[in-house]
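Peer 1: Once you've had a glance at the structure underneath, I'll fire off some questions.
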Amino acid sequence: MNFMPVILWSDALVFLLLATGIATAWYVRQREYLLLPWRRVAQSSVAMVSLLVLSLFFVIGLLDTLHYRAALPEQNSDETVYSPEVLSVFDKLVEPLRVRTEKTYSAPLAVALYAKESMTDAQGNVLRDYPRLRYGGAHLTDESERDGDVLKRALLGALGGLLAGLLIALGIKSWTTARSLPLRALLIAALTIAIIIGTIANLATAYHVLGTDKVGQDVLYLSLKSIRTGLIIGTLTTLVTLPLALFLGVAAGYFRGWVDDVIQYLYTLLSSIPGVLLIAAAVLMMQVIIDTHPEWFDTTASRADMRLVALCLILGVTSWTGLCRLLRGETLKLREMEYIQAAQSFGVSSMRILARHIMPNVMHIILIALVMDFSALVLAEAVLSYVGVGVDPSMISFGTMINAARLEMGREPMVWWALAAAFVFMLVLVLAANLFADAVRDAFDPRPNRAEI
Amino acid sequence: MIAYLIRRILYAIPILIGVNLLTFMLFFVVNTPDDMARMQLGIKRVTPEAVEKWKQQRGYDKPLFLNSTADDTKKISDTIFWQKSASMFALDFGYSDDGRNISREIATRMGPSLAIALPTFIIGLVIYVSFALLMTLFRATTLDIAGVALCVTLMSISGLFYIIGGQFVVSKLWHLVPISGYSGGVDSFKFVALPILIGVVSGVGSSSRWYRTIFLEEIGKDYVRTARAKGLSELRVLFRHVLKNAMIPILTGVVVVIPLLFMGSLLTESFFGIPGLGSYTIDAINAQDFSVVRAMVFLGSVLYIAGLILTDLSYTVVDPRVRLT
């Protein structure tokens, strides 16, 4: 075997989350009354287009979660030695992007570096000029051919993308029997995405489509890698938030008395501490623990990953209070309902009442809170990384990208592409998440749609 | 009312003790002072003597909770917990790692923080509520839908980009105001104008949409129908009835942040180089100065609890039915 699969902590948790998600989806599929609000979501074209965009991000994130360590070329010993570098299936797929690094900054689609350098020509004269890139446009003999070549490649790529998109669409069309899906909107969105991907992919074979950063890494590659970090922060945090908020909130509302007092004290305590400061305090503490125990981690990737998981944990512990308060309020209301009182007078045990009567009736609040929180968490990651309490500096994320690029705004001419790339990728991800969350809220919220009153 | 206030203030004490214990645990029990010393000194210079000296200089060379070697009251008072934590209740925060008095530092830095946070808050509130009222007035029309779409887009942009973009356009391209810096007096206007503008703009999306939801919820109620049936104009209904009745949910979200304005904004202040409490906090986080971070956490909780009490008081002002007992 020339590679060794590596399962980092975050990977394991993502798989766990995925399994839970699939199990829930299967459970919901069996029950028409649970499926009903989802059908409403499926009818909204905005929601479905956002879901399409989101699933694209999720596929990239998942591919980037399958990690492995490649075997090093044969050495004189018998046992295989594995590279200390942890790669993912996604890295392998876009290997050209990862390995073709330039010397330093270069603008998007450029064929020469961003800064002048001293060079010696064939006659031995020293002159200062923009050196050609090692990979970007290296097949061109002269720089002036670039525009035509870029145009040709872009058109070919777009055409290829269109064809591939049409083929996929036809395949889906003949296979799907869905009556209520907004097929036309989905088709248009899918074709647009296919064209964009085709164009970028074809250009990326010969150019750095979004330029390169300070150490010459391809910005497109960095942006794509950042997706996983953002998604992990947005989803894994809910693994912590959910059980805490659900059990404590429901227990406080149902049992009242001293249970309520203790839980209320706990969440007032946590929410009284300014969020960023609490996170900063916890992250500083965790950093010391990680730094004093280097023996726990065999690769730098696993150390960075541990910090990511710990960040999710900290974010979860500091952010369950809002949802808990909502659930407590709702449970207080529910427990006075007649069907609960009936169950109590029949002698049904508290645990059973909680599980059979209260939990199912607060599920919509949980679902709405989860989808609403997702985008906020993705945005929070960038801010926390800027403050210095976010992900590990060696981990590629939107926050570290912005942080590195921020200092380059003052240069002349300005290095804008890394910031622009992070901006566009984040905007698309968060906007899609927000729009989808809105549709979910409208479908699940029992109150009538307010905009139409 | 007085009895209510006293009860609320008494109730705050266990919360503050909890905050104090929690941060104490985070910083001193999980990481012993030895760990902190090693980290501050850097890997190369760590010798047992250097660690001891570092701890002694900062008063970390005592037992955590109970000093069994000292006598009587000193058993409790001559400990790290007593000296570093209990004194916070008297708003005495001790000294930072670079030897400055934290309380004095906080007092001088509050001014610049407020100079930005207060105008941002007031201007923002007026603009958000007006925009939300406008969308409510034209609800379910193209204008409303466009407004909501704008809000969703604006709230999908990271706060960092508002600051970076604003600095780039206003300061670098148009040269209207300096990129960053601060000075007191009349001069301060040109330094605070851009942070305030950016602060207001970055909140438009989420806040306006939130107020719009509140107004729409109110507008579906029976009293609005009655008011319309009486023949009141839509504008009059909106301003005289809906706005007034929406005050309670608005105050719930707004009043609690007023005391927190003193804390300043982490991002804005550090980007614009404003010497306020926000940048103080960020510097402390980056320098891993735990005393300052703990002081700010404690101050933040005090202000948050003050905000909760103020919120309750504000209900009595806008709604005569509310009685605090």
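We label chains A, B, ... in the order they appear in the structure tokens, count residues from 1 in each chain, and number ligands from 1 in the order shown.
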Using only C-alpha atoms, determine which residues lie at most 9 Å from B:Val254, disregarding the query and same-chain residues fewer than 5 positions distant; provide the list as a JSON list (two decimals) with C-alpha atoms, in the first residue's frame.
Peer 2:
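File written: result_22.json
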```json
[["chain", "number", "residue", "atom", "x", "y", "z"],
["B", 125, "LEU", "CA", -30.42, 52.95, 15.92],
["B", 249, "PRO", "CA", -39.07, 43.92, 22.00],
["B", 311, "THR", "CA", -33.62, 46.87, 30.49]]
```
Peer 1: Write out as an MDAnalysis selection string the residues lying within 12 Å of A:Ala343, counting only C-alpha atoms and excluding same-chain residues fewer than 3 positions away.
Peer 2: chainID A and resid 335:340 346:354 356:358
Peer 1: Convert the current residue selection to file output with C-alpha atoms, as a compact mmCIF listing (two decimals), in the first residue's frame.
Peer 2:
```
# COMPACT_ATOMS: atom_id res chain seq x y z
CA ARG A 335 -45.89 21.91 30.10
CA GLU A 336 -49.13 23.75 30.82
CA MET A 337 -50.77 22.26 27.73
CA GLU A 338 -53.67 19.92 28.30
CA TYR A 339 -52.11 16.91 26.63
CA ILE A 340 -49.11 17.12 28.94
CA PHE A 346 -52.19 9.07 33.63
CA GLY A 347 -48.97 8.58 35.56
CA VAL A 348 -46.59 8.71 32.59
CA SER A 349 -43.05 9.13 33.84
CA SER A 350 -41.28 12.47 33.45
CA MET A 351 -38.63 11.02 31.18
CA ARG A 352 -41.28 9.62 28.88
CA ILE A 353 -43.21 12.87 28.78
CA LEU A 354 -40.01 14.71 27.92
CA ARG A 356 -42.53 11.69 23.68
CA HIS A 357 -44.34 14.96 24.16
CA ILE A 358 -41.93 17.82 24.79
```
Peer 1: Taking only C-alpha atoms into account and nothing else, which residues of chain B lie no more than 6 Å away from chain A? Please answer as a list in words.
Peer 2: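 The answer, sorted by residue number, is Ile15, Ala140, Ser156, Ile157, Ser158, Val297, Gly300, Ser301 and Tyr304 of chain B.
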Peer 1: Give me, as a PyMOL selection string, all polymer residues having an atom no more than 9 Å from stretch 200-210 of chain A, counting only C-alpha atoms and skipping those fewer than 5 positions away in the same chain.
Peer 2: chain A and resi 96-97+106-111+135-139+150+153-154+156-158+160+195+218-221+417-418+420-421
Peer 1: Considering only C-alpha atoms, state which residue in the set A:Ser10, A:Thr300, A:Gln344, A:Asn2 is at the smallest distance from A:Leu236.
Peer 2: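 Closest to A:Leu236 of all the choices is A:Ser10.
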